[in-house]
Every structure is written in structure tokens, then in C-alpha cells.
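Source file: protein19.cif (mmCIF, C-alpha atoms and all ligand atoms)
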```cif
data_model
loop_
_atom_site.group_PDB
_atom_site.id
_atom_site.type_symbol
_atom_site.label_atom_id
_atom_site.label_comp_id
_atom_site.auth_asym_id
_atom_site.auth_seq_id
_atom_site.Cartn_x
_atom_site.Cartn_y
_atom_site.Cartn_z
ATOM 1 C CA MET A 1 -15.790 25.357 -14.254
ATOM 2 C CA ALA A 2 -18.788 24.603 -12.071
ATOM 3 C CA ASN A 3 -20.854 23.938 -15.177
ATOM 4 C CA ARG A 4 -18.320 21.567 -16.632
ATOM 5 C CA TRP A 5 -18.333 19.574 -13.391
ATOM 6 C CA GLN A 6 -22.152 19.417 -13.244
ATOM 7 C CA ASN A 7 -22.349 18.170 -16.802
ATOM 8 C CA THR A 8 -20.057 15.222 -16.285
ATOM 9 C CA LEU A 9 -21.448 14.458 -12.849
ATOM 10 C CA SER A 10 -24.740 13.298 -14.316
ATOM 11 C CA GLU A 11 -22.869 10.596 -16.258
ATOM 12 C CA ASN A 12 -20.165 9.828 -13.780
ATOM 13 C CA ASP A 13 -22.528 9.523 -10.874
ATOM 14 C CA VAL A 14 -23.901 6.206 -12.090
ATOM 15 C CA THR A 15 -21.254 3.652 -11.221
ATOM 16 C CA PRO A 16 -17.661 3.620 -9.996
ATOM 17 C CA GLU A 17 -16.729 2.288 -13.433
ATOM 18 C CA ALA A 18 -18.418 5.219 -15.086
ATOM 19 C CA ALA A 19 -16.530 7.543 -12.770
ATOM 20 C CA PHE A 20 -13.360 6.048 -14.182
ATOM 21 C CA LEU A 21 -14.373 6.589 -17.790
ATOM 22 C CA ASN A 22 -12.558 9.605 -19.065
ATOM 23 C CA ARG A 23 -13.312 12.038 -21.811
ATOM 24 C CA ARG A 24 -10.604 10.693 -24.073
ATOM 25 C CA GLN A 25 -12.016 7.184 -23.878
ATOM 26 C CA ILE A 26 -15.486 8.488 -24.649
ATOM 27 C CA MET A 27 -14.192 10.543 -27.586
ATOM 28 C CA ALA A 28 -12.195 7.565 -28.827
ATOM 29 C CA GLY A 29 -15.362 5.486 -28.825
ATOM 30 C CA GLY A 30 -14.024 3.292 -26.057
ATOM 31 C CA VAL A 31 -17.265 3.153 -24.122
ATOM 32 C CA ALA A 32 -18.727 0.076 -25.764
ATOM 33 C CA GLY A 33 -15.324 -1.584 -25.735
ATOM 34 C CA LEU A 34 -15.261 -1.305 -21.980
ATOM 35 C CA GLY A 35 -18.725 -2.807 -21.747
ATOM 36 C CA LEU A 36 -20.075 0.236 -19.973
ATOM 37 C CA ALA A 37 -22.497 1.668 -22.501
ATOM 38 C CA SER A 38 -25.453 0.071 -20.745
ATOM 39 C CA GLY A 39 -24.075 1.121 -17.378
ATOM 40 C CA LEU A 40 -24.260 4.727 -18.455
ATOM 41 C CA GLY A 41 -27.914 4.168 -19.221
ATOM 42 C CA GLY A 42 -28.516 2.840 -15.741
ATOM 43 C CA SER A 43 -28.807 -0.867 -16.546
ATOM 44 C CA PRO A 44 -29.740 -2.826 -13.405
ATOM 45 C CA ALA A 45 -26.941 -5.286 -14.129
ATOM 46 C CA LEU A 46 -24.350 -2.569 -13.637
ATOM 47 C CA ALA A 47 -26.208 -0.285 -11.284
ATOM 48 C CA GLN A 48 -24.458 0.296 -7.983
ATOM 49 C CA GLU A 49 -25.183 2.856 -5.341
ATOM 50 C CA ALA A 50 -24.620 6.380 -6.604
ATOM 51 C CA LEU A 51 -21.567 8.187 -5.364
ATOM 52 C CA ASP A 52 -22.717 11.279 -3.542
ATOM 53 C CA PRO A 53 -19.887 13.799 -3.279
ATOM 54 C CA ASN A 54 -19.069 15.277 0.114
ATOM 55 C CA ASP A 55 -19.562 18.993 0.698
ATOM 56 C CA TYR A 56 -16.676 21.271 -0.196
ATOM 57 C CA GLU A 57 -16.480 22.213 3.499
ATOM 58 C CA ASP A 58 -15.943 18.627 4.656
ATOM 59 C CA ILE A 59 -13.346 17.971 1.980
ATOM 60 C CA THR A 60 -11.359 21.124 2.784
ATOM 61 C CA GLN A 61 -11.746 21.363 6.566
ATOM 62 C CA TYR A 62 -11.246 17.771 7.725
ATOM 63 C CA ASN A 63 -7.744 16.912 6.544
ATOM 64 C CA ASN A 64 -4.576 15.011 7.206
ATOM 65 C CA TYR A 65 -1.458 16.982 6.297
ATOM 66 C CA TYR A 66 0.919 16.470 9.202
ATOM 67 C CA GLU A 67 3.397 19.071 7.936
ATOM 68 C CA PHE A 68 0.802 21.563 9.248
ATOM 69 C CA GLY A 69 -0.087 19.688 12.439
ATOM 70 C CA THR A 70 -1.823 16.454 13.371
ATOM 71 C CA GLY A 71 -5.268 17.923 14.133
ATOM 72 C CA LYS A 72 -7.964 17.554 11.472
ATOM 73 C CA ASP A 73 -8.422 21.328 11.348
ATOM 74 C CA ASP A 74 -4.713 22.218 11.461
ATOM 75 C CA PRO A 75 -4.227 21.992 7.663
ATOM 76 C CA SER A 76 -7.159 24.338 6.904
ATOM 77 C CA ARG A 77 -5.866 26.761 9.549
ATOM 78 C CA TYR A 78 -2.177 26.789 8.667
ATOM 79 C CA ALA A 79 -1.630 25.554 5.105
ATOM 80 C CA ASP A 80 -2.254 28.978 3.563
ATOM 81 C CA GLN A 81 1.353 29.707 4.595
ATOM 82 C CA LEU A 82 2.588 27.350 1.858
ATOM 83 C CA THR A 83 3.881 29.195 -1.232
ATOM 84 C CA THR A 84 2.675 27.269 -4.275
ATOM 85 C CA THR A 85 3.822 29.635 -7.051
ATOM 86 C CA PRO A 86 6.230 29.134 -8.649
ATOM 87 C CA TRP A 87 6.160 25.335 -8.393
ATOM 88 C CA SER A 88 8.059 22.649 -10.209
ATOM 89 C CA VAL A 89 8.372 18.898 -9.983
ATOM 90 C CA LYS A 90 11.811 17.336 -10.338
ATOM 91 C CA ILE A 91 11.510 14.087 -12.285
ATOM 92 C CA GLU A 92 14.620 11.962 -12.109
ATOM 93 C CA GLY A 93 16.081 8.476 -12.029
ATOM 94 C CA MET A 94 15.252 6.040 -14.827
ATOM 95 C CA VAL A 95 13.721 8.509 -17.299
ATOM 96 C CA ASP A 96 14.845 9.737 -20.723
ATOM 97 C CA LYS A 97 14.181 13.394 -19.927
ATOM 98 C CA PRO A 98 15.082 14.122 -16.296
ATOM 99 C CA GLY A 99 14.642 17.691 -15.116
ATOM 100 C CA ASP A 100 12.534 20.301 -13.386
ATOM 101 C CA TYR A 101 9.030 20.372 -14.838
ATOM 102 C CA ALA A 102 7.286 23.702 -14.180
ATOM 103 C CA PHE A 103 3.705 23.306 -12.964
ATOM 104 C CA GLU A 104 2.351 25.559 -15.767
ATOM 105 C CA ASP A 105 4.157 23.484 -18.406
ATOM 106 C CA ILE A 106 2.725 20.277 -16.967
ATOM 107 C CA MET A 107 -0.773 21.784 -17.007
ATOM 108 C CA LYS A 108 -0.382 22.769 -20.675
ATOM 109 C CA ALA A 109 0.669 19.248 -21.668
ATOM 110 C CA VAL A 110 -1.863 17.119 -19.796
ATOM 111 C CA THR A 111 -5.628 16.547 -20.064
ATOM 112 C CA ILE A 112 -7.573 17.724 -17.019
ATOM 113 C CA GLU A 113 -10.506 15.486 -16.213
ATOM 114 C CA ASP A 114 -13.210 15.182 -13.550
ATOM 115 C CA ARG A 115 -12.976 12.105 -11.334
ATOM 116 C CA LEU A 116 -15.523 11.338 -8.652
ATOM 117 C CA TYR A 117 -13.659 8.974 -6.342
ATOM 118 C CA ARG A 118 -14.285 7.231 -3.066
ATOM 119 C CA PHE A 119 -11.551 8.172 -0.598
ATOM 120 C CA ARG A 120 -10.801 5.831 2.323
ATOM 121 C CA CYS A 121 -8.434 6.884 5.106
ATOM 122 C CA VAL A 122 -6.608 4.166 7.045
ATOM 123 C CA GLU A 123 -8.266 5.663 10.155
ATOM 124 C CA ALA A 124 -11.546 4.095 8.920
ATOM 125 C CA TRP A 125 -13.347 7.230 7.749
ATOM 126 C CA SER A 126 -14.257 7.961 4.163
ATOM 127 C CA MET A 127 -15.403 10.669 1.776
ATOM 128 C CA VAL A 128 -16.392 10.973 -1.870
ATOM 129 C CA VAL A 129 -14.378 13.662 -3.627
ATOM 130 C CA PRO A 130 -14.984 15.312 -7.019
ATOM 131 C CA TRP A 131 -11.361 15.773 -8.053
ATOM 132 C CA ASN A 132 -10.054 17.527 -11.125
ATOM 133 C CA GLY A 133 -6.716 16.259 -12.322
ATOM 134 C CA PHE A 134 -4.743 14.331 -14.890
ATOM 135 C CA GLU A 135 -3.542 10.775 -15.187
ATOM 136 C CA LEU A 136 -0.130 10.308 -13.597
ATOM 137 C CA ALA A 137 0.750 8.242 -16.685
ATOM 138 C CA ASP A 138 0.570 11.455 -18.762
ATOM 139 C CA LEU A 139 3.281 13.060 -16.639
ATOM 140 C CA LEU A 140 5.440 9.929 -16.575
ATOM 141 C CA ASP A 141 5.110 9.702 -20.368
ATOM 142 C CA MET A 142 6.330 13.303 -20.653
ATOM 143 C CA ALA A 143 9.515 12.296 -18.853
ATOM 144 C CA GLY A 144 9.886 9.015 -20.761
ATOM 145 C CA VAL A 145 10.050 6.038 -18.398
ATOM 146 C CA GLN A 146 12.989 3.741 -19.171
ATOM 147 C CA SER A 147 12.452 0.011 -19.559
ATOM 148 C CA GLY A 148 14.261 -1.021 -16.365
ATOM 149 C CA ALA A 149 12.093 1.142 -14.076
ATOM 150 C CA LYS A 150 9.849 -0.823 -11.704
ATOM 151 C CA TYR A 151 8.760 1.696 -9.035
ATOM 152 C CA VAL A 152 7.891 5.363 -8.672
ATOM 153 C CA ALA A 153 8.983 7.321 -5.585
ATOM 154 C CA PHE A 154 7.307 10.592 -4.556
ATOM 155 C CA GLU A 155 8.381 13.358 -2.196
ATOM 156 C CA THR A 156 6.478 16.282 -0.627
ATOM 157 C CA ALA A 157 7.979 19.771 -0.246
ATOM 158 C CA LEU A 158 9.815 20.338 3.038
ATOM 159 C CA ARG A 159 9.595 23.987 4.084
ATOM 160 C CA PRO A 160 10.232 24.454 7.801
ATOM 161 C CA ASP A 161 9.487 28.198 7.457
ATOM 162 C CA GLU A 162 6.049 27.519 5.991
ATOM 163 C CA MET A 163 5.159 24.212 7.656
ATOM 164 C CA PRO A 164 4.708 24.544 11.418
ATOM 165 C CA GLY A 165 4.221 20.781 11.870
ATOM 166 C CA VAL A 166 7.659 19.678 10.687
ATOM 167 C CA LYS A 167 9.328 20.757 13.915
ATOM 168 C CA PHE A 168 7.604 17.741 15.496
ATOM 169 C CA PRO A 169 9.160 14.361 14.670
ATOM 170 C CA VAL A 170 5.804 12.586 14.189
ATOM 171 C CA LEU A 171 7.144 11.353 10.842
ATOM 172 C CA GLU A 172 10.523 11.521 9.165
ATOM 173 C CA TRP A 173 10.443 14.572 6.850
ATOM 174 C CA PRO A 174 10.059 15.026 3.953
ATOM 175 C CA TYR A 175 6.932 12.876 3.552
ATOM 176 C CA VAL A 176 7.667 10.190 0.961
ATOM 177 C CA GLU A 177 5.528 7.598 -0.808
ATOM 178 C CA GLY A 178 5.879 5.019 -3.532
ATOM 179 C CA LEU A 179 3.986 2.918 -6.048
ATOM 180 C CA ARG A 180 4.841 0.000 -8.259
ATOM 181 C CA LEU A 181 5.164 1.241 -11.854
ATOM 182 C CA ASP A 182 2.035 -0.603 -13.023
ATOM 183 C CA GLU A 183 0.029 0.981 -10.194
ATOM 184 C CA ALA A 184 1.405 4.403 -11.114
ATOM 185 C CA MET A 185 0.524 3.920 -14.812
ATOM 186 C CA HIS A 186 -3.019 2.674 -14.087
ATOM 187 C CA PRO A 187 -5.655 5.045 -15.537
ATOM 188 C CA LEU A 188 -7.367 5.404 -12.140
ATOM 189 C CA THR A 189 -4.182 6.916 -10.669
ATOM 190 C CA ILE A 190 -4.282 10.691 -10.975
ATOM 191 C CA MET A 191 -2.465 13.815 -9.927
ATOM 192 C CA ALA A 192 -5.232 16.029 -8.551
ATOM 193 C CA THR A 193 -5.023 19.764 -9.188
ATOM 194 C CA GLY A 194 -8.570 20.784 -8.296
ATOM 195 C CA ILE A 195 -11.696 19.997 -6.282
ATOM 196 C CA TYR A 196 -15.238 20.909 -7.454
ATOM 197 C CA GLY A 197 -13.664 22.822 -10.343
ATOM 198 C CA ASN A 198 -11.576 25.106 -8.113
ATOM 199 C CA ASP A 199 -7.803 24.995 -7.771
ATOM 200 C CA ILE A 200 -6.974 22.445 -5.093
ATOM 201 C CA PRO A 201 -6.673 24.205 -1.715
ATOM 202 C CA ASN A 202 -3.305 24.079 0.059
ATOM 203 C CA GLN A 203 -4.679 21.852 2.821
ATOM 204 C CA ASN A 204 -5.573 19.225 0.194
ATOM 205 C CA GLY A 205 -2.090 19.253 -1.330
ATOM 206 C CA ALA A 206 -1.704 22.202 -3.706
ATOM 207 C CA PRO A 207 -0.668 22.571 -6.378
ATOM 208 C CA LEU A 208 -0.681 18.857 -7.223
ATOM 209 C CA ARG A 209 -1.132 15.697 -5.172
ATOM 210 C CA LEU A 210 -1.359 12.024 -5.934
ATOM 211 C CA VAL A 211 -4.734 10.211 -5.671
ATOM 212 C CA VAL A 212 -4.803 6.393 -5.775
ATOM 213 C CA PRO A 213 -8.459 5.603 -5.024
ATOM 214 C CA TRP A 214 -8.068 1.876 -4.251
ATOM 215 C CA LYS A 215 -5.412 2.489 -1.578
ATOM 216 C CA TYR A 216 -5.611 3.989 1.906
ATOM 217 C CA GLY A 217 -5.481 7.788 1.895
ATOM 218 C CA PHE A 218 -1.931 8.093 3.169
ATOM 219 C CA LYS A 219 -0.602 6.830 -0.182
ATOM 220 C CA SER A 220 -2.050 9.997 -1.762
ATOM 221 C CA ILE A 221 0.964 12.193 -1.099
ATOM 222 C CA LYS A 222 0.432 15.959 -1.190
ATOM 223 C CA SER A 223 2.321 18.915 -2.700
ATOM 224 C CA VAL A 224 4.693 16.739 -4.716
ATOM 225 C CA VAL A 225 8.104 18.217 -5.602
ATOM 226 C CA ARG A 226 10.025 15.122 -6.678
ATOM 227 C CA ILE A 227 9.245 11.954 -8.623
ATOM 228 C CA THR A 228 11.961 9.325 -9.019
ATOM 229 C CA LEU A 229 11.772 6.285 -11.297
ATOM 230 C CA THR A 230 13.711 3.414 -9.786
ATOM 231 C CA ASP A 231 14.213 -0.360 -9.981
ATOM 232 C CA THR A 232 14.012 -0.862 -6.207
ATOM 233 C CA GLN A 233 10.996 -0.531 -3.893
ATOM 234 C CA PRO A 234 11.170 2.968 -2.400
ATOM 235 C CA PRO A 235 10.767 3.764 1.308
ATOM 236 C CA THR A 236 7.431 5.237 2.436
ATOM 237 C CA SER A 237 6.861 7.515 5.441
ATOM 238 C CA TRP A 238 4.258 5.456 7.278
ATOM 239 C CA ASN A 239 6.085 2.184 6.680
ATOM 240 C CA LYS A 240 9.274 3.721 8.094
ATOM 241 C CA ALA A 241 7.337 5.039 11.106
ATOM 242 C CA ASN A 242 5.624 1.708 11.843
ATOM 243 C CA PRO A 243 6.324 -1.216 9.488
ATOM 244 C CA ARG A 244 4.065 -3.571 11.456
ATOM 245 C CA GLU A 245 1.032 -1.337 10.901
ATOM 246 C CA TYR A 246 1.673 0.144 7.439
ATOM 247 C CA GLY A 247 2.874 -1.891 4.472
ATOM 248 C CA PHE A 248 4.076 -0.750 1.072
ATOM 249 C CA TYR A 249 0.899 -1.748 -0.785
ATOM 250 C CA SER A 250 -1.756 -0.378 1.562
ATOM 251 C CA ASN A 251 -4.589 -1.526 -0.658
ATOM 252 C CA VAL A 252 -7.979 -0.991 0.955
ATOM 253 C CA ASN A 253 -8.915 -4.452 2.222
ATOM 254 C CA PRO A 254 -11.763 -5.091 4.675
ATOM 255 C CA GLU A 255 -10.283 -8.540 5.403
ATOM 256 C CA VAL A 256 -6.966 -7.261 6.712
ATOM 257 C CA ASP A 257 -7.385 -5.376 9.966
ATOM 258 C CA HIS A 258 -5.021 -2.714 11.184
ATOM 259 C CA PRO A 259 -3.287 -4.208 14.262
ATOM 260 C CA ARG A 260 -5.163 -1.697 16.452
ATOM 261 C CA TRP A 261 -8.592 -1.514 14.765
ATOM 262 C CA SER A 262 -10.887 -3.194 12.252
ATOM 263 C CA GLN A 263 -10.870 -2.176 8.608
ATOM 264 C CA ALA A 264 -14.160 -3.980 7.897
ATOM 265 C CA THR A 265 -16.281 -0.813 8.115
ATOM 266 C CA GLU A 266 -15.871 2.929 7.734
ATOM 267 C CA ARG A 267 -17.482 6.136 8.960
ATOM 268 C CA PRO A 268 -18.615 8.380 6.087
ATOM 269 C CA ILE A 269 -17.644 11.950 6.922
ATOM 270 C CA GLY A 270 -20.468 14.462 6.703
ATOM 271 C CA GLY A 271 -23.277 12.043 7.440
ATOM 272 C CA GLY A 272 -24.107 13.799 10.678
ATOM 273 C CA LEU A 273 -23.643 12.858 14.289
ATOM 274 C CA PHE A 274 -25.524 9.571 14.108
ATOM 275 C CA ALA A 275 -24.292 8.454 10.693
ATOM 276 C CA ARG A 276 -24.107 4.701 10.344
ATOM 277 C CA ARG A 277 -20.845 2.961 9.609
ATOM 278 C CA VAL A 278 -20.857 1.271 6.211
ATOM 279 C CA PRO A 279 -18.978 -1.802 5.019
ATOM 280 C CA THR A 280 -15.581 -1.162 3.480
ATOM 281 C CA LEU A 281 -15.294 -2.564 -0.031
ATOM 282 C CA MET A 282 -12.379 -4.616 -1.368
ATOM 283 C CA PHE A 283 -9.985 -2.230 -3.144
ATOM 284 C CA ASN A 284 -12.326 0.528 -1.950
ATOM 285 C CA GLY A 285 -14.880 -0.480 -4.588
ATOM 286 C CA TYR A 286 -12.430 -0.538 -7.514
ATOM 287 C CA GLU A 287 -11.859 -4.296 -7.466
ATOM 288 C CA GLU A 288 -12.999 -4.809 -11.037
ATOM 289 C CA GLU A 289 -10.517 -2.241 -12.296
ATOM 290 C CA VAL A 290 -7.435 -3.103 -10.239
ATOM 291 C CA ALA A 291 -7.607 -6.650 -8.825
ATOM 292 C CA SER A 292 -5.666 -7.986 -11.828
ATOM 293 C CA LEU A 293 -2.634 -5.933 -10.751
ATOM 294 C CA TYR A 294 -2.312 -8.272 -7.766
ATOM 295 C CA SER A 295 -3.273 -11.650 -9.208
ATOM 296 C CA GLY A 296 -1.336 -14.410 -7.507
ATOM 297 C CA MET A 297 -0.219 -12.153 -4.654
ATOM 298 C CA ASP A 298 -1.007 -12.913 -1.021
ATOM 299 C CA LEU A 299 -2.747 -9.685 -0.003
ATOM 300 C CA LYS A 300 -2.534 -10.517 3.702
ATOM 301 C CA ALA A 301 1.256 -10.820 3.540
ATOM 302 C CA ASN A 302 1.525 -7.857 1.125
ATOM 303 C CA PHE A 303 -0.679 -5.470 3.106
HETATM 304 N N1 LIG B 401 2.643 15.269 2.499
HETATM 305 C C1 LIG B 401 1.605 14.645 3.081
HETATM 306 N N2 LIG B 401 0.732 13.980 2.312
HETATM 307 C C2 LIG B 401 -0.323 13.347 2.895
HETATM 308 C C3 LIG B 401 -0.491 13.356 4.300
HETATM 309 C C4 LIG B 401 0.462 14.077 5.084
HETATM 310 O O1 LIG B 401 0.387 14.140 6.325
HETATM 311 N N3 LIG B 401 1.481 14.717 4.427
HETATM 312 N N4 LIG B 401 -1.546 12.662 4.879
HETATM 313 C C5 LIG B 401 -2.106 11.543 4.097
HETATM 314 C C6 LIG B 401 -3.325 11.011 4.687
HETATM 315 S S1 LIG B 401 -3.159 10.031 6.081
HETATM 316 C C7 LIG B 401 -4.558 11.192 4.129
HETATM 317 S S2 LIG B 401 -5.945 10.402 4.728
HETATM 318 C C8 LIG B 401 -4.721 12.111 2.974
HETATM 319 C C9 LIG B 401 -5.763 13.148 3.318
HETATM 320 O O2 LIG B 401 -6.093 13.907 2.179
HETATM 321 P P1 LIG B 401 -7.186 15.041 2.316
HETATM 322 O O3 LIG B 401 -6.804 15.918 3.466
HETATM 323 O O4 LIG B 401 -7.164 15.762 1.003
HETATM 324 O O5 LIG B 401 -8.497 14.361 2.560
HETATM 325 O O6 LIG B 401 -3.498 12.775 2.606
HETATM 326 C C10 LIG B 401 -2.367 11.971 2.634
HETATM 327 N N5 LIG B 401 -1.229 12.690 2.102
HETATM 328 MO MO MO B 402 -5.139 8.810 6.212
#
```

Starting from the file, lay out its structure as C-alpha cells.
Amino acid sequence: MANRWQNTLSENDVTPEAAFLNRRQIMAGGVAGLGLASGLGGSPALAQEALDPNDYEDITQYNNYYEFGTGKDDPSRYADQLTTTPWSVKIEGMVDKPGDYAFEDIMKAVTIEDRLYRFRCVEAWSMVVPWNGFELADLLDMAGVQSGAKYVAFETALRPDEMPGVKFPVLEWPYVEGLRLDEAMHPLTIMATGIYGNDIPNQNGAPLRLVVPWKYGFKSIKSVVRITLTDTQPPTSWNKANPREYGFYSNVNPEVDHPRWSQATERPIGGGLFARRVPTLMFNGYEEEVASLYSGMDLKANF
């Protein structure tokens, strides 16, 4: 596993676009079609700063998973209590094949890929994470999305016996999130099942969690047990808790400040005590890939 990650890292490390190239596209000869062939060779035109993945320790010991407490080290201390086998995801609503999808069956049907992604928390810190996972579209295709569906709703497990944090009403439990269908089907949107080639640790959302790299981290809901296809915009935990501060879209946008702090810069985790803040990028650096999803939309009103 470690080898496999190393091998792709040398290619994927070059540009964010290259990080988004997946094996299937390469095998299908899609590289030139995407205009990235020169990027892979390090062309100055496409060269951007290399993504340098955070240490495994930072990624797995500085977490937000409020079901286990609100401290950054609470998830790594308490999430081992979560039972993740057996696990299944209920897929329901506007799909042809609703039902309980066992985690092992999902893993047999999908293509696991390596994705080196920037990760930007709404609290203005950031990491770079070498995820392993599959495109959410693969799972939605398994269930057969019906033509009237417009949104995807997600729900985290709620296990009071295993989750010491849920006795505190910091959020309404279970944790829920949502995406527009086109956002959910975008090839950058993955369900992560691993980090650095290891099974994803409980504190990071085992056995499978959403990752939407152009949105603030809270959209990336952990330990998913239910996915519902719907024609109405689903409620989301942070929007319910504070609609003035957290909108449905939550796209990373340095021009739209949080009411209580600036979103123009971020603090890279792991840079040491005196690490400099760096500018936050529009759509977290994935503007070229995802801006078209929002053409014509007022991103200040739809924050
Ligand atoms: N179920 C659930 N999912 C969650 C959270 C949570 O508290 N509960 N926190 C979110 C927030 S605010 C962030 S920044 C990311 C953190 O992911 P990480 O711990 O893997 O870095 O998870 C998101 N997903
Ligand atoms: Mo976050």
C-alpha cells in the first residue's frame, strides 16, 4: 500500500489538477484531452506550488468530530470506541435500487484511488491530506439516481453508547450534511476510506467519509450511514445551528468572511510554532475544476 501511494505521489504532486487526475482517466488516455500532459512534465505554464502532505500524526491527532468531543484531541482519544464492522450505508429516496449497501460490497464495486487534496477548515486552518477513496458518483451510480433528484443528503451514525460527545447539545444529532447533485457527482468529490494507504482511522471518519475539497471541512461528513436522494435542499447541521454563519454551499471563498473572523488567510497545520499564515485560494485552489458549477450564482449571497 505504501508503495502504491509513493508511486502516484510523484505524478500527483505536481499540480492540483494532476492530483485530480485519476487512474481510469490515465488508462482511458484522457490525459491529453484534459490538457494536462505538459503539466505532468512540469511545464512552467501549469506549474503551481507542490502539495506537501501533512504528517500522519497531524492528520490523525488534530481533528474535528464533535460526536467524540469538541477538543482537537478528543477524537483521537475517544473514537476507538466506535464499532465500524459490520457497516452498511442505507441509500434511499429517489434511487432505482434503494437498500442497505454493505461496506465490503461497496469496496468490491468501486475503484480505490489516491487523492492528494488541500483541506480547509472553516476555522481558518488547513492541511494537505493523501486520501484513498472512491468517487461518490460510483456509489450513486450503483444505486441508480432517478431523473428528478436534485440533492444528496448524508447522515452520520448516532451511537450514544460509543460517542461520548453526543450527550452535549453542541449540534443537533445525528450530524447531517448535503450537496447539490452536480456537486455530489463531480469527480473531485470522493468517499475516503483510507489515509496514506492505511484504513481511515475512526477519528477521521471510519469506515467511509465524504471529502469535498473545494468546500469548508465541515461539509466532509464522517462515518456515513445514510444517503438520501431528494428534490429539495436538505438541512445541514451547521446551518441549523447558526444559519447566519454557515450556509448550505460553504464553498471556500477568501472574499466572504465568516461573521466573526476573516477567511482571507489560513494557518497550515504542522508548520511549527511560527508558521506563517498563507492566503486562502478561491474554491480552495480548485477553481478551474469547479467554478463552472456556480456560474451565474452570487457567491456572497449563496455562501
Ligand atoms: N459527523 C461529523 N462529521 C464531521 C465533523 C463532525 O463533528 N462530525 N466535523 C467536520 C469538520 S468541522 C471538519 S474540519 C472535518 C475534520 O476532518 P478531519 O478530522 O479528518 O480533519 O470533519 C467534518 N466532518
Ligand atoms: Mo471544520

Counting only C-alpha atoms and all ligand atoms, the residue of A:Asn253, A:Thr236, A:Gln263, A:Asn63 that sits nearest ligand MO 402 (chain B): A:Asn63

Nearby polymer residues, ligand LIG 401 (chain B), at most 6 Å, all atoms listed in the file, as a ChimeraX atom specification: /A:63-67,121,156,175,204,217-218,220-222

Within 12 Å of file point (-5.2, -3.8, -10.0), counting only C-alpha atoms, expressed as JSON, numbers by chain: {"A": [180, 181, 182, 183, 184, 185, 186, 187, 188, 189, 212, 213, 214, 215, 249, 251, 252, 282, 283, 284, 285, 286, 287, 288, 289, 290, 291, 292, 293, 294, 295, 296, 297, 299]}

Atom CA of A:Met163 to atom CA of A:Arg118, distance in Å rounded to a single decimal: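 Computed distance, atom CA of A:Met163 to atom CA of A:Arg118, equals 28.0 Å.
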
Six-sided padding of 3 Å per side, axis-aligned box over stretch 253-260 of chain A, centre and edges in Å, one decimal, as lines of an AutoDock Vina configuration file:
```
center_x = -7.5
center_y = -5.1
center_z = 9.3
size_x = 14.5
size_y = 12.8
size_z = 20.2
```

Selected residue of minimal separation from A:Ser88 among A:Ser223, A:Asp231, A:Pro75, A:Ile112, counting all atoms listed in the file: A:Ser223

Residue contacts of stretch 140-143 of chain A (8 Å, only C-alpha atoms) excluding same-chain residues fewer than 2 positions away, as a PyMOL selection string: chain A and resi 91+95-98+136-138+145+185

Please produce a file of the residues just selected, as a PDB file, in the coordinates of the input, where the atoms kept are C-alpha atoms.
```
ATOM      1  CA  ILE A  91      11.510  14.087 -12.285  1.00  0.00           C
ATOM      2  CA  VAL A  95      13.721   8.509 -17.299  1.00  0.00           C
ATOM      3  CA  ASP A  96      14.845   9.737 -20.723  1.00  0.00           C
ATOM      4  CA  LYS A  97      14.181  13.394 -19.927  1.00  0.00           C
ATOM      5  CA  PRO A  98      15.082  14.122 -16.296  1.00  0.00           C
ATOM      6  CA  LEU A 136      -0.130  10.308 -13.597  1.00  0.00           C
ATOM      7  CA  ALA A 137       0.750   8.242 -16.685  1.00  0.00           C
ATOM      8  CA  ASP A 138       0.570  11.455 -18.762  1.00  0.00           C
ATOM      9  CA  VAL A 145      10.050   6.038 -18.398  1.00  0.00           C
ATOM     10  CA  MET A 185       0.524   3.920 -14.812  1.00  0.00           C
TER      11      MET A 185
END
```

Selected residue, from A:Tyr151, A:Tyr78, A:Phe119, A:Tyr101, that lies nearest to ligand MO 402 (chain B) when counting only C-alpha atoms and all ligand atoms: A:Phe119

Using all atoms listed in the file: which of A:Arg209, A:Thr60, A:Thr83, A:Ser250 has the shortest distance to ligand MO 402 (chain B):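 Nearest to ligand MO 402 (chain B): A:Ser250.
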
Protein and nucleic acid residues near (5.3, 12.9, 12.7) (cut-off 10 Å, all atoms listed in the file) as number ranges by chain: A: 66-67, 69-70, 165-173, 175, 237-238, 241

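What the PyMOL selection byres (((chain A and resi 279) around 12) and not hetatm) matches in the given file is Arg120, Ala124, Trp125, Ser126, Val252, Asn253, Pro254, Glu255, Ser262, Gln263, Ala264, Thr265, Glu266, Arg267, Pro268, Arg276, Arg277, Val278, Thr280, Leu281, Met282, Asn284 and Gly285 of chain A.
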
Counting all atoms listed in the file, the option among A:Gly272, A:Asp100, A:Tyr216, A:Val128 closest to A:Asp55: A:Val128

Distance in Å - atom CA of A:Val89 versus atom CA of A:Ala149: 18.6 Å

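If only C-alpha atoms and all ligand atoms are the atoms counted, then among A:Phe103, A:Ala301, A:Leu208, A:Met127 the closest residue to ligand MO 402 (chain B) is A:Met127.
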
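Here atom CA of A:Leu210 is placed at a distance of 21.8 Å from atom CA of A:Arg77.
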
The PyMOL selection byres (((chain A and resi 207) around 12) and not hetatm) applied to the shown file, residues as a ChimeraX atom specification: /A:79-80,82-89,102-104,106-107,132-133,156-157,191-195,198-206,208-210,221-225

Selection result for the PyMOL selection byres (((chain A and resi 54) around 9) and not hetatm) on this file, as a list of chain:residue names: A:Asp52, A:Pro53, A:Asp55, A:Tyr56, A:Glu57, A:Asp58, A:Ile59, A:Met127, A:Val128, A:Val129, A:Pro130, A:Ile269, A:Gly270

Preceding selection exported with C-alpha atoms as a compact mmCIF listing (two decimals), keeping the file's coordinate frame:
```txt
# COMPACT_ATOMS: atom_id res chain seq x y z
CA ASP A 52 -22.72 11.28 -3.54
CA PRO A 53 -19.89 13.80 -3.28
CA ASP A 55 -19.56 18.99 0.70
CA TYR A 56 -16.68 21.27 -0.20
CA GLU A 57 -16.48 22.21 3.50
CA ASP A 58 -15.94 18.63 4.66
CA ILE A 59 -13.35 17.97 1.98
CA MET A 127 -15.40 10.67 1.78
CA VAL A 128 -16.39 10.97 -1.87
CA VAL A 129 -14.38 13.66 -3.63
CA PRO A 130 -14.98 15.31 -7.02
CA ILE A 269 -17.64 11.95 6.92
CA GLY A 270 -20.47 14.46 6.70
```

Completed stretch 161-165 of chain A (N, CA, C and O atoms) as a compact mmCIF listing (two decimals), keeping the file's coordinate frame:
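Result file is rebuild-v9.txt:
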```txt
# COMPACT_ATOMS: atom_id res chain seq x y z
N ASP A 161 9.99 26.83 7.23
CA ASP A 161 9.49 28.20 7.46
C ASP A 161 7.99 28.32 7.19
O ASP A 161 7.35 29.24 7.68
N GLU A 162 7.46 27.41 6.38
CA GLU A 162 6.05 27.52 5.99
C GLU A 162 5.20 26.40 6.58
O GLU A 162 3.97 26.44 6.47
N MET A 163 5.87 25.40 7.17
CA MET A 163 5.16 24.21 7.66
C MET A 163 5.40 24.05 9.16
O MET A 163 6.38 23.43 9.57
N PRO A 164 4.48 24.56 9.97
CA PRO A 164 4.71 24.54 11.42
C PRO A 164 4.79 23.14 12.01
O PRO A 164 5.37 22.96 13.08
N GLY A 165 4.25 22.13 11.32
CA GLY A 165 4.22 20.78 11.87
C GLY A 165 5.54 20.03 11.78
O GLY A 165 5.74 19.03 12.49
```
